[in-house]
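**Q** Okay, so here is entry_33.cif, and as you'll see once you scroll down, it has mmCIF, C-alpha atoms and all ligand atoms.
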data_structure
loop_
_atom_site.label_atom_id
_atom_site.label_comp_id
_atom_site.auth_asym_id
_atom_site.auth_seq_id
_atom_site.Cartn_x
_atom_site.Cartn_y
_atom_site.Cartn_z
CA MET A 1 62.43 -104.31 42.54
CA LYS A 2 63.58 -102.52 45.70
CA ILE A 3 60.69 -100.88 47.51
CA ARG A 4 61.64 -97.89 49.62
CA MET A 5 59.92 -96.48 52.69
CA SER A 6 59.79 -93.09 50.98
CA SER A 7 61.62 -91.23 48.27
CA PRO A 8 61.69 -87.61 47.23
CA ASP A 9 60.05 -86.83 43.92
CA LEU A 10 62.68 -84.74 42.13
CA THR A 11 62.93 -83.74 38.48
CA ASP A 12 65.88 -82.47 36.47
CA ALA A 13 64.33 -78.99 36.74
CA ASP A 14 64.45 -79.29 40.56
CA ARG A 15 68.10 -80.32 40.45
CA GLN A 16 68.92 -77.58 37.98
CA ALA A 17 67.31 -74.99 40.26
CA VAL A 18 69.79 -75.94 43.00
CA LEU A 19 72.75 -75.90 40.60
CA ASP A 20 71.77 -72.46 39.35
CA VAL A 21 72.01 -71.07 42.88
CA VAL A 22 75.42 -72.60 43.46
CA LYS A 23 76.67 -70.67 40.46
CA THR A 24 75.76 -67.35 42.14
CA PRO A 25 77.30 -65.68 45.19
CA ASN A 26 73.91 -65.68 47.01
CA LEU A 27 73.86 -68.86 49.07
CA SER A 28 71.86 -67.52 52.01
CA MET A 29 69.12 -64.91 52.50
CA GLY A 30 68.82 -64.10 48.79
CA PRO A 31 66.04 -64.00 46.21
CA LYS A 32 65.14 -67.71 46.37
CA ILE A 33 63.90 -67.67 49.93
CA GLU A 34 61.83 -64.59 49.20
CA ALA A 35 60.26 -66.27 46.17
CA PHE A 36 59.71 -69.50 48.11
CA GLU A 37 57.94 -67.54 50.86
CA ARG A 38 55.78 -65.73 48.29
CA ALA A 39 54.79 -69.09 46.82
CA PHE A 40 53.52 -70.12 50.25
CA CYS A 41 51.54 -66.92 50.72
CA GLU A 42 49.95 -67.50 47.33
CA PHE A 43 49.19 -71.14 47.97
CA THR A 44 47.78 -70.79 51.48
CA GLY A 45 46.40 -67.25 51.27
CA ALA A 46 48.38 -66.33 54.41
CA LYS A 47 49.67 -62.78 54.70
CA TYR A 48 53.20 -63.80 55.68
CA ALA A 49 55.42 -66.82 55.17
CA ILE A 50 58.78 -67.25 56.88
CA GLY A 51 61.18 -69.91 55.66
CA VAL A 52 63.18 -71.67 58.35
CA SER A 53 65.69 -74.49 58.70
CA SER A 54 63.20 -77.17 59.86
CA GLY A 55 59.65 -77.74 60.98
CA THR A 56 60.89 -77.93 64.55
CA ALA A 57 62.59 -74.54 64.20
CA GLY A 58 59.34 -73.13 62.82
CA LEU A 59 57.29 -74.46 65.71
CA HIS A 60 59.83 -73.11 68.17
CA LEU A 61 59.61 -69.63 66.66
CA CYS A 62 55.80 -69.74 66.92
CA VAL A 63 56.13 -70.64 70.58
CA ARG A 64 58.39 -67.63 71.09
CA ALA A 65 56.13 -65.33 69.04
CA ALA A 66 53.12 -66.44 71.06
CA GLY A 67 54.98 -65.33 74.18
CA ILE A 68 54.86 -68.83 75.68
CA ASP A 69 57.17 -68.75 78.65
CA VAL A 70 58.26 -70.64 81.78
CA GLY A 71 55.28 -72.36 83.40
CA ASP A 72 52.69 -71.45 80.76
CA ILE A 73 50.40 -74.36 80.00
CA VAL A 74 49.91 -75.44 76.40
CA VAL A 75 47.40 -78.17 75.63
CA THR A 76 48.58 -80.53 72.93
CA SER A 77 48.47 -84.08 71.66
CA PRO A 78 50.63 -87.07 72.60
CA PHE A 79 50.03 -88.71 69.21
CA SER A 80 52.51 -86.76 67.13
CA PHE A 81 56.08 -86.47 66.09
CA VAL A 82 58.08 -85.51 69.15
CA SER A 83 58.92 -81.93 68.24
CA SER A 84 55.37 -80.59 68.71
CA THR A 85 55.93 -81.17 72.43
CA SER A 86 59.70 -80.61 72.57
CA VAL A 87 59.41 -77.01 71.36
CA LEU A 88 57.29 -76.21 74.44
CA LEU A 89 59.93 -77.70 76.68
CA PHE A 90 62.60 -75.59 75.01
CA GLU A 91 60.87 -72.61 76.68
CA LYS A 92 60.15 -74.49 79.93
CA ALA A 93 56.43 -74.25 79.31
CA LEU A 94 54.26 -77.15 80.47
CA PRO A 95 52.75 -79.32 77.74
CA VAL A 96 49.49 -80.82 78.93
CA SER A 97 48.53 -83.68 76.68
CA VAL A 98 44.99 -84.80 76.03
CA ASP A 99 44.09 -88.00 74.23
CA VAL A 100 43.06 -88.17 70.60
CA ASP A 101 40.16 -89.16 68.41
CA PRO A 102 40.40 -92.89 67.62
CA VAL A 103 39.44 -92.40 63.96
CA THR A 104 41.73 -89.54 62.92
CA GLY A 105 44.41 -89.58 65.61
CA ASN A 106 43.85 -85.83 65.97
CA ILE A 107 43.33 -84.09 69.31
CA ASP A 108 39.92 -84.94 70.79
CA PRO A 109 37.98 -81.64 70.95
CA ASP A 110 35.77 -82.79 73.85
CA LEU A 111 38.76 -83.72 75.98
CA LEU A 112 40.47 -80.49 74.94
CA ASN A 113 37.43 -78.51 76.06
CA GLN A 114 37.28 -80.30 79.43
CA ALA A 115 41.01 -79.87 79.96
CA VAL A 116 40.99 -76.15 79.19
CA GLU A 117 37.90 -75.60 81.36
CA ASP A 118 39.35 -77.51 84.33
CA LEU A 119 42.80 -75.99 84.00
CA SER A 120 41.30 -72.51 83.80
CA PHE A 121 39.05 -73.21 86.81
CA GLY A 122 42.11 -74.15 88.83
CA GLY A 123 42.44 -75.96 92.17
CA GLU A 124 41.48 -79.63 92.41
CA ARG A 125 40.02 -79.70 88.90
CA THR A 126 43.44 -79.29 87.32
CA ARG A 127 44.78 -82.53 88.87
CA ARG A 128 43.26 -84.85 86.30
CA TRP A 129 45.18 -83.16 83.49
CA LEU A 130 48.56 -82.46 84.99
CA PRO A 131 51.31 -85.05 84.64
CA ARG A 132 52.23 -87.16 87.68
CA ARG A 133 55.46 -85.29 88.17
CA LEU A 134 56.49 -81.73 87.31
CA PRO A 135 60.07 -80.85 86.44
CA PRO A 136 61.71 -78.65 89.11
CA VAL A 137 61.45 -75.56 86.87
CA ASN A 138 57.66 -75.85 86.73
CA GLN A 139 57.16 -76.53 90.44
CA GLY A 140 55.73 -73.36 91.92
CA SER A 141 55.77 -71.50 88.61
CA LEU A 142 52.72 -72.96 86.88
CA LYS A 143 50.60 -70.38 85.13
CA SER A 144 47.33 -70.61 83.23
CA VAL A 145 46.58 -72.11 79.83
CA LYS A 146 48.13 -69.93 77.16
CA ALA A 147 47.81 -71.87 73.92
CA ILE A 148 46.62 -74.95 72.08
CA LEU A 149 48.98 -76.82 69.80
CA PRO A 150 47.00 -79.24 67.61
CA VAL A 151 48.67 -81.47 65.05
CA ASP A 152 47.26 -82.31 61.60
CA VAL A 153 48.08 -85.99 61.86
CA PHE A 154 49.16 -87.77 58.67
CA GLY A 155 47.95 -84.82 56.56
CA GLN A 156 44.38 -84.67 57.91
CA PRO A 157 43.55 -81.38 59.69
CA ALA A 158 42.34 -81.45 63.28
CA ASP A 159 38.84 -80.15 64.13
CA TYR A 160 39.52 -76.42 64.01
CA ASP A 161 35.98 -75.11 64.40
CA ALA A 162 35.85 -76.82 67.78
CA ILE A 163 39.41 -75.76 68.61
CA GLN A 164 38.77 -72.12 67.67
CA THR A 165 35.59 -72.01 69.75
CA ILE A 166 37.59 -73.07 72.80
CA ALA A 167 40.45 -70.73 71.92
CA SER A 168 38.22 -67.70 71.62
CA GLN A 169 36.29 -68.55 74.80
CA TYR A 170 39.51 -68.72 76.82
CA ASP A 171 41.57 -66.26 74.78
CA LEU A 172 44.17 -68.81 73.72
CA VAL A 173 46.69 -68.79 70.90
CA VAL A 174 46.44 -71.65 68.39
CA ILE A 175 49.66 -72.98 66.86
CA GLU A 176 48.82 -75.41 64.09
CA ASP A 177 51.40 -78.12 63.53
CA SER A 178 50.67 -78.64 59.85
CA CYS A 179 54.11 -80.13 59.21
CA GLU A 180 52.46 -83.17 57.61
CA ALA A 181 49.57 -81.40 55.92
CA LEU A 182 50.72 -79.16 53.07
CA GLY A 183 47.77 -79.10 50.66
CA GLY A 184 45.28 -80.50 53.16
CA GLU A 185 41.97 -78.71 53.68
CA TYR A 186 39.50 -78.39 56.53
CA LYS A 187 36.03 -77.42 55.27
CA GLY A 188 37.72 -75.94 52.19
CA ARG A 189 40.24 -73.93 54.21
CA PRO A 190 43.95 -74.68 53.74
CA ALA A 191 45.92 -76.46 56.42
CA GLY A 192 48.44 -74.12 58.00
CA THR A 193 45.98 -71.22 58.11
CA LEU A 194 43.59 -72.72 60.64
CA GLY A 195 45.24 -71.29 63.74
CA ASP A 196 47.15 -68.09 64.53
CA TYR A 197 50.32 -69.70 63.19
CA GLY A 198 50.88 -72.73 61.00
CA VAL A 199 54.09 -74.62 60.28
CA PHE A 200 55.08 -76.88 57.38
CA ALA A 201 58.13 -79.15 57.17
CA PHE A 202 60.22 -80.27 54.22
CA TYR A 203 62.15 -83.38 55.24
CA PRO A 204 62.75 -85.66 52.22
CA ASN A 205 59.66 -87.80 52.90
CA LYS A 206 57.37 -84.75 52.85
CA GLN A 207 55.03 -83.66 50.03
CA VAL A 208 57.54 -80.90 49.15
CA THR A 209 61.13 -81.27 50.18
CA THR A 210 64.10 -78.97 50.61
CA GLY A 211 66.28 -81.64 52.23
CA GLU A 212 65.79 -79.96 55.59
CA GLY A 213 63.52 -76.98 56.01
CA GLY A 214 60.27 -75.53 57.20
CA MET A 215 57.83 -72.66 56.62
CA ILE A 216 55.75 -70.66 59.06
CA VAL A 217 52.58 -68.94 57.86
CA THR A 218 50.69 -66.28 59.77
CA ASP A 219 48.57 -63.17 59.30
CA ASP A 220 50.04 -61.44 62.35
CA ASP A 221 52.25 -58.49 61.29
CA GLN A 222 54.15 -58.12 64.55
CA ALA A 223 54.69 -61.84 65.01
CA ALA A 224 55.97 -62.17 61.45
CA ASP A 225 58.56 -59.42 62.00
CA PHE A 226 59.59 -60.96 65.31
CA MET A 227 59.98 -64.47 63.86
CA ARG A 228 61.99 -63.14 60.92
CA ALA A 229 64.31 -61.50 63.42
CA LEU A 230 64.56 -64.58 65.62
CA ARG A 231 65.45 -66.91 62.76
CA ASN A 232 68.32 -64.55 61.90
CA GLN A 233 70.13 -64.44 65.26
CA GLY A 234 67.67 -61.91 66.67
CA ARG A 235 68.52 -59.15 64.20
CA ALA A 236 65.61 -56.73 64.00
CA PRO A 237 65.07 -54.61 60.86
CA GLY A 238 67.84 -51.97 60.86
CA ASP A 239 70.24 -54.08 62.95
CA THR A 240 73.68 -54.59 61.45
CA TRP A 241 75.26 -58.06 61.13
CA LEU A 242 76.68 -57.71 64.65
CA GLN A 243 73.64 -56.14 66.30
CA HIS A 244 71.08 -58.39 67.92
CA THR A 245 67.99 -56.77 69.33
CA HIS A 246 66.53 -60.11 70.45
CA LEU A 247 67.83 -63.42 71.72
CA GLY A 248 67.65 -65.38 68.49
CA TYR A 249 68.83 -68.45 66.61
CA ASN A 250 70.32 -69.45 63.33
CA TYR A 251 67.14 -70.97 61.90
CA ARG A 252 67.73 -69.66 58.36
CA LEU A 253 66.90 -71.69 55.28
CA ASP A 254 69.72 -71.51 52.72
CA GLU A 255 69.21 -70.49 49.09
CA MET A 256 69.89 -73.95 47.63
CA SER A 257 67.14 -75.43 49.79
CA ALA A 258 64.78 -72.57 49.02
CA ALA A 259 65.40 -72.98 45.27
CA LEU A 260 64.58 -76.68 45.50
CA GLY A 261 61.44 -75.91 47.48
CA LEU A 262 60.38 -73.22 45.04
CA SER A 263 60.83 -75.55 42.10
CA GLN A 264 58.77 -78.19 43.93
CA MET A 265 56.04 -75.65 44.73
CA ASP A 266 55.68 -75.06 40.97
CA ARG A 267 54.73 -78.74 40.74
CA LEU A 268 52.72 -78.93 43.94
CA LYS A 269 49.45 -79.84 42.26
CA ASP A 270 51.11 -82.69 40.43
CA LEU A 271 53.05 -83.83 43.50
CA LEU A 272 49.86 -84.01 45.57
CA GLN A 273 47.91 -85.75 42.83
CA LYS A 274 50.56 -88.44 42.41
CA ARG A 275 50.45 -89.17 46.15
CA GLU A 276 46.68 -89.28 46.03
CA ARG A 277 46.83 -91.82 43.22
CA VAL A 278 49.13 -94.08 45.25
CA ALA A 279 46.80 -93.76 48.26
CA ASP A 280 43.86 -94.78 46.04
CA TRP A 281 45.74 -97.85 44.83
CA TYR A 282 46.49 -98.82 48.41
CA ALA A 283 42.84 -98.36 49.43
CA HIS A 284 41.75 -100.54 46.53
CA HIS A 285 44.24 -103.37 47.04
CA LEU A 286 43.97 -103.38 50.82
CA SER A 287 40.19 -103.59 50.72
CA ARG A 288 40.48 -107.36 50.34
CA ILE A 289 42.51 -107.71 53.52
CA GLU A 290 40.19 -108.01 56.47
CA GLU A 291 42.71 -107.54 59.27
CA VAL A 292 43.82 -104.14 58.01
CA THR A 293 42.00 -100.79 58.19
CA PRO A 294 43.17 -98.11 55.76
CA PRO A 295 43.35 -94.46 56.90
CA GLN A 296 39.92 -93.05 57.72
CA LEU A 297 38.95 -89.56 56.60
CA VAL A 298 36.25 -87.52 58.29
CA GLN A 299 33.70 -85.24 56.65
CA ASN A 300 35.44 -82.00 57.69
CA THR A 301 38.50 -83.07 55.73
CA THR A 302 37.62 -81.67 52.35
CA ARG A 303 41.10 -82.65 51.20
CA VAL A 304 43.64 -84.87 52.85
CA SER A 305 47.25 -84.30 51.91
CA TRP A 306 48.73 -87.76 51.70
CA PHE A 307 51.95 -87.56 53.66
CA VAL A 308 52.22 -91.16 54.79
CA TYR A 309 49.97 -94.17 54.35
CA VAL A 310 49.30 -95.57 57.78
CA ILE A 311 47.19 -98.68 58.22
CA ARG A 312 45.75 -99.99 61.44
CA VAL A 313 45.86 -103.70 62.15
CA ALA A 314 43.12 -105.70 63.91
CA GLN A 315 43.44 -106.50 67.64
CA THR A 316 44.17 -110.11 66.67
CA ILE A 317 47.38 -109.13 64.87
CA ASP A 318 50.77 -108.71 66.47
CA ARG A 319 51.81 -105.50 64.75
CA ASP A 320 55.51 -105.80 65.62
CA ARG A 321 55.63 -109.37 64.36
CA LEU A 322 53.93 -108.22 61.16
CA ALA A 323 56.54 -105.48 60.75
CA GLN A 324 59.33 -107.98 61.32
CA VAL A 325 57.99 -110.47 58.78
CA LEU A 326 57.50 -107.69 56.23
CA LYS A 327 61.05 -106.55 56.80
CA GLU A 328 62.25 -110.09 56.12
CA LYS A 329 60.26 -109.93 52.89
CA GLU A 330 62.06 -106.67 52.02
CA ILE A 331 59.07 -104.44 52.60
CA PRO A 332 60.14 -101.54 54.82
CA VAL A 333 57.40 -100.46 57.24
CA ARG A 334 57.41 -98.35 60.37
CA PRO A 335 55.27 -98.14 63.51
CA TYR A 336 53.98 -94.57 63.40
CA PHE A 337 53.62 -92.61 65.70
CA SER A 338 55.35 -93.81 68.78
CA PRO A 339 53.47 -91.91 71.56
CA ILE A 340 55.30 -88.86 72.85
CA HIS A 341 54.45 -89.45 76.52
CA LEU A 342 56.22 -92.82 76.39
CA GLN A 343 59.47 -91.43 75.03
CA PRO A 344 62.18 -92.01 77.66
CA TYR A 345 62.83 -88.31 78.25
CA MET A 346 59.12 -87.61 78.74
CA GLN A 347 58.72 -90.49 81.19
CA LYS A 348 61.72 -89.25 83.11
CA MET A 349 60.56 -85.63 83.20
CA PHE A 350 56.88 -86.16 83.90
CA GLY A 351 56.50 -89.72 85.25
CA PHE A 352 54.20 -90.85 82.44
CA GLU A 353 53.16 -94.49 82.49
CA LEU A 354 51.61 -96.96 80.14
CA GLY A 355 47.85 -96.43 80.23
CA ASP A 356 47.97 -92.64 80.61
CA PHE A 357 46.59 -92.00 77.11
CA PRO A 358 44.81 -95.19 76.04
CA VAL A 359 43.62 -94.11 72.59
CA THR A 360 47.05 -92.80 71.65
CA GLU A 361 48.66 -95.99 72.91
CA ASP A 362 46.21 -98.19 71.04
CA LEU A 363 46.90 -96.27 67.83
CA GLY A 364 50.61 -96.41 68.57
CA ASN A 365 50.39 -100.19 69.00
CA ARG A 366 48.30 -100.93 65.93
CA SER A 367 49.53 -98.43 63.35
CA LEU A 368 51.96 -99.23 60.61
CA ALA A 369 53.23 -96.83 57.96
CA LEU A 370 53.63 -98.55 54.59
CA PRO A 371 56.12 -97.62 51.88
CA PHE A 372 54.79 -94.43 50.37
CA SER A 373 55.74 -91.75 47.88
CA GLY A 374 54.30 -90.17 44.77
CA LYS A 375 56.85 -92.11 42.76
CA MET A 376 55.41 -95.54 43.55
CA CYS A 377 53.78 -97.46 40.74
CA GLU A 378 50.73 -99.67 41.11
CA GLU A 379 52.83 -102.80 40.77
CA GLU A 380 54.79 -101.84 43.87
CA VAL A 381 51.60 -101.20 45.80
CA VAL A 382 50.31 -104.62 44.74
CA ILE A 383 53.53 -106.27 45.94
CA VAL A 384 53.30 -104.53 49.33
CA CYS A 385 49.67 -105.63 49.72
CA GLN A 386 50.46 -109.21 48.72
CA ARG A 387 53.31 -109.38 51.22
CA ILE A 388 51.01 -108.00 53.92
CA SER A 389 48.49 -110.77 53.19
CA GLU A 390 51.22 -113.40 53.44
CA ALA A 391 52.81 -111.89 56.55
CA LEU A 392 49.50 -111.64 58.39
CA VAL A 393 49.37 -115.43 58.65
CA ALA A 394 52.55 -115.41 60.72
CA ALA A 395 51.45 -112.38 62.73
CA GLN A 396 48.23 -113.78 64.22
CA LYS A 397 48.41 -113.30 67.98
CA PHE A 398 46.72 -116.54 68.84
CA ALA A 399 48.28 -118.73 66.16
CA SER A 400 49.09 -122.21 67.46
C1 LIG A 501 53.83 -83.59 63.01
C2 LIG A 501 55.24 -83.11 62.86
N1 LIG A 501 55.65 -82.06 63.58
C3 LIG A 501 56.89 -81.57 63.47
C4 LIG A 501 57.81 -82.14 62.62
C5 LIG A 501 59.21 -81.61 62.60
O1 LIG A 501 59.71 -81.27 61.38
P1 LIG A 501 61.31 -81.31 61.11
O2 LIG A 501 61.73 -82.73 61.09
O3 LIG A 501 61.47 -80.61 59.82
O4 LIG A 501 61.95 -80.57 62.24
C6 LIG A 501 57.44 -83.24 61.84
C7 LIG A 501 58.41 -83.87 60.93
O5 LIG A 501 58.34 -85.00 60.55
C8 LIG A 501 56.13 -83.74 61.97
O6 LIG A 501 55.72 -84.82 61.27
#
Mind turning the file's structure into structure tokens?
**A**
Amino acid sequence: MKIRMSSPDLTDADRQAVLDVVKTPNLSMGPKIEAFERAFCEFTGAKYAIGVSSGTAGLHLCVRAAGIDVGDIVVTSPFSFVSSTSVLLFEKALPVSVDVDPVTGNIDPDLLNQAVEDLSFGGERTRRWLPRRLPPVNQGSLKSVKAILPVDVFGQPADYDAIQTIASQYDLVVIEDSCEALGGEYKGRPAGTLGDYGVFAFYPNKQVTTGEGGMIVTDDDQAADFMRALRNQGRAPGDTWLQHTHLGYNYRLDEMSAALGLSQMDRLKDLLQKRERVADWYAHHLSRIEEVTPPQLVQNTTRVSWFVYVIRVAQTIDRDRLAQVLKEKEIPVRPYFSPIHLQPYMQKMFGFELGDFPVTEDLGNRSLALPFSGKMCEEEVVIVCQRISEALVAAQKFAS
């Protein structure tokens, strides 16, 4: 039995939906994307949904719509997939990272509050939060805090009541990176709708996949029009194919992808439930393994959307050795996340060093994503857990 890190949950109906599109002349910007967008408005309750070519593209368009520009400061989290920070750098804004909550891995609201207060106060108080080194483009052009970009890590929403209190006090835009959280809920409110903009992603390991793709949701009329134009090479309503009111991109989602996504959205409830069932099996079978902590949910998370299943190993365990031994036993696992500030390009740009964000680094050192998809059966989960038990013996840090 080959156990895979992840696998898309596709039915014949999903495949047929793609084939049906290929038989028509409408391969881009046709009825499927419109229907896929409507499905997102219905599911999230957002006024607008804009399909795009990836989660990264979606986040980038939100950055543009929020008017984030050279030197604007955006407070965000270093414990994320890299694009939540990269999209700020695309616009030469300055990402200021604050450390995360050790339980959820989501941005720490107290640190966020301190950072925004100090950065807004200016002068000496900003020092603590700014990176060691600023890229030449930001030297002399630093502005004030413009936005917060929280990430709903592993499908669990960040603490948006706290985030919104800070945002309204300082008049900041909130861009919710909900790429991992489709179907998640914070105090009964759907992930993606907890900020001014929310973004979902549809890579094949996601809850819903389109191969590649993403979806922005927002209630902001003007921003929605602007983002629609930007994804389509900057063509505003009324522009012809060769007229470009704005500087834009080709961030369109094609009709085949949209058809697949739409077909998956019809099964969303089932897709989420299947993932939840696998997560429950993991929680049950891992409960006997002392050195491993399963994902922890907080009270505000009225529903987690299981995107990945990330365990945390005890301090006594060499996580990388554990991963290696599991690999030898044909169990694919992955350290997840690898902190953004320690990525080579970030170290080079900003001079980050080990120790700059201790909670993020500790999570980065002790987290391990296990094989996970809604298609797994309990037997596979049992095998993974058994192999973990066996591998832990070889992964003790102080073994003689
Ligand atoms: C938290 C987070 N943000 C952004 C993205 C980017 O999405 P994409 O790979 O579709 O560009 C991902 C994708 O894995 C993600 O997990």
**Q** Report, as lines of an AutoDock Vina configuration file, the centre and edge lengths in Å (one decimal) of the axis-aligned box enclosing every listed atom of ligand LIG 501 (chain A), padded by 6 Å on each side.
**A**
center_x = 57.9
center_y = -82.8
center_z = 61.7
size_x = 20.1
size_y = 16.4
size_z = 15.8
**Q** Which polymer residues have any atom within 8 Å of an atom of A:Ser257, counting all atoms listed in the file, with same-chain residues fewer than 6 positions away left out, as a list of chain:residue names?
**A**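 Everything that qualifies: A:Val18, A:Thr210, A:Gly211, A:Glu212, A:Gly213.
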**Q** Could you produce a table of the residues of chain A lying within 10 Å of ligand LIG 501 (chain A), with the nearest pair of atoms per residue and their separation in Å rounded to one decimal, using all atoms listed in the file, ordered by chain and increasing residue number, as a Markdown table?
**A**
| residue | atom | partner | partner_atom | distance |
| --- | --- | --- | --- | --- |
| A:Val52 | CA | A:LIG501 | O3 | 9.2 |
| A:Ser53 | CA | A:LIG501 | O3 | 7.5 |
| A:Ser54 | CA | A:LIG501 | O3 | 3.9 |
| A:Gly55 | CA | A:LIG501 | O1 | 3.6 |
| A:Thr56 | CA | A:LIG501 | O4 | 3.7 |
| A:Ala57 | CA | A:LIG501 | O4 | 6.4 |
| A:Gly58 | CA | A:LIG501 | O4 | 7.9 |
| A:Leu59 | CA | A:LIG501 | C3 | 7.5 |
| A:His60 | CA | A:LIG501 | O4 | 9.8 |
| A:Phe79 | CA | A:LIG501 | C1 | 8.9 |
| A:Ser80 | CA | A:LIG501 | C1 | 5.4 |
| A:Phe81 | CA | A:LIG501 | C2 | 4.7 |
| A:Val82 | CA | A:LIG501 | N1 | 7.0 |
| A:Ser83 | CA | A:LIG501 | C3 | 5.2 |
| A:Ser84 | CA | A:LIG501 | N1 | 5.3 |
| A:Thr85 | CA | A:LIG501 | N1 | 8.9 |
| A:Ser86 | CA | A:LIG501 | C3 | 9.6 |
| A:Val87 | CA | A:LIG501 | C3 | 9.5 |
| A:Pro150 | CA | A:LIG501 | C1 | 9.3 |
| A:Val151 | CA | A:LIG501 | C1 | 5.9 |
| A:Asp152 | CA | A:LIG501 | C1 | 6.8 |
| A:Val153 | CA | A:LIG501 | C1 | 6.3 |
| A:Phe154 | CA | A:LIG501 | C1 | 7.6 |
| A:Gly155 | CA | A:LIG501 | C1 | 8.8 |
| A:Glu176 | CA | A:LIG501 | N1 | 9.5 |
| A:Asp177 | CA | A:LIG501 | N1 | 5.8 |
| A:Ser178 | CA | A:LIG501 | C1 | 6.7 |
| A:Cys179 | CA | A:LIG501 | C2 | 4.8 |
| A:Glu180 | CA | A:LIG501 | O6 | 5.2 |
| A:Ala181 | CA | A:LIG501 | C1 | 8.6 |
| A:Val199 | CA | A:LIG501 | C3 | 8.1 |
| A:Phe200 | CA | A:LIG501 | O1 | 7.5 |
| A:Ala201 | CA | A:LIG501 | O3 | 4.5 |
| A:Phe202 | CA | A:LIG501 | O3 | 5.7 |
| A:Tyr203 | CA | A:LIG501 | O3 | 5.4 |
| A:Pro204 | CA | A:LIG501 | O3 | 9.2 |
| A:Asn205 | CA | A:LIG501 | O5 | 8.3 |
| A:Lys206 | CA | A:LIG501 | O5 | 7.8 |
| A:Thr209 | CA | A:LIG501 | O3 | 9.7 |
| A:Thr210 | CA | A:LIG501 | O3 | 9.7 |
| A:Gly211 | CA | A:LIG501 | O3 | 9.0 |
| A:Glu212 | CA | A:LIG501 | O3 | 6.1 |
| A:Gly213 | CA | A:LIG501 | O3 | 5.6 |
| A:Gly214 | CA | A:LIG501 | O3 | 5.8 |
| A:Met215 | CA | A:LIG501 | O3 | 9.3 |
| A:Phe307 | CA | A:LIG501 | O6 | 8.9 |
| A:Val308 | CA | A:LIG501 | O6 | 9.7 |
| A:Phe337 | CA | A:LIG501 | O6 | 9.2 |
**Q** Please indicate the distance in Å from atom CA of A:Pro295 to atom CA of A:Asp101, rounded to one decimal place.
**A**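 So the answer is 13.1 Å.
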**Q** Hey, which of A:His285, A:His341, A:Arg387, A:Arg312 ends up closest to A:Arg366? Count only C-alpha atoms.
**A** A:Arg312
**Q** Rank A:Ser389, A:Lys348, A:Ser367, A:Val22 by their smallest atom-to-atom distance to A:Arg133, using all atoms listed in the file, and report the top residue only.
**A**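 With all atoms listed in the file as the atom set, the closest residue is A:Lys348.
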**Q** Contacts of A:Asp99 at 7 Å or less, counting all atoms listed in the file, minus same-chain residues fewer than 2 places along, as a list in words?
**A**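 Once the adjacent positions are removed, what remains is Ser77, Pro78, Ser97, Ile107, Asp108, Phe357, Val359 and Thr360 of chain A.
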**Q** Please provide the set of residues having any atom within 8 Å of stretch 263-280 of chain A, restricted to all atoms listed in the file, with same-chain residues fewer than 2 positions apart removed, written as a compact mmCIF listing (two decimals) with C-alpha atoms, in the coordinates of the input.
**A**
# COMPACT_ATOMS: atom_id res chain seq x y z
CA ASP A 9 60.05 -86.83 43.92
CA LEU A 10 62.68 -84.74 42.13
CA ALA A 13 64.33 -78.99 36.74
CA ASP A 14 64.45 -79.29 40.56
CA ALA A 17 67.31 -74.99 40.26
CA PHE A 36 59.71 -69.50 48.11
CA ALA A 39 54.79 -69.09 46.82
CA GLY A 183 47.77 -79.10 50.66
CA GLN A 207 55.03 -83.66 50.03
CA VAL A 208 57.54 -80.90 49.15
CA THR A 209 61.13 -81.27 50.18
CA ALA A 259 65.40 -72.98 45.27
CA LEU A 260 64.58 -76.68 45.50
CA GLY A 261 61.44 -75.91 47.48
CA TYR A 282 46.49 -98.82 48.41
CA ALA A 283 42.84 -98.36 49.43
CA HIS A 284 41.75 -100.54 46.53
CA SER A 305 47.25 -84.30 51.91
CA TRP A 306 48.73 -87.76 51.70
CA PHE A 307 51.95 -87.56 53.66
CA TYR A 309 49.97 -94.17 54.35
CA PHE A 372 54.79 -94.43 50.37
CA SER A 373 55.74 -91.75 47.88
CA GLY A 374 54.30 -90.17 44.77
CA LYS A 375 56.85 -92.11 42.76
CA MET A 376 55.41 -95.54 43.55
CA CYS A 377 53.78 -97.46 40.74
CA GLU A 378 50.73 -99.67 41.11
CA VAL A 381 51.60 -101.20 45.80
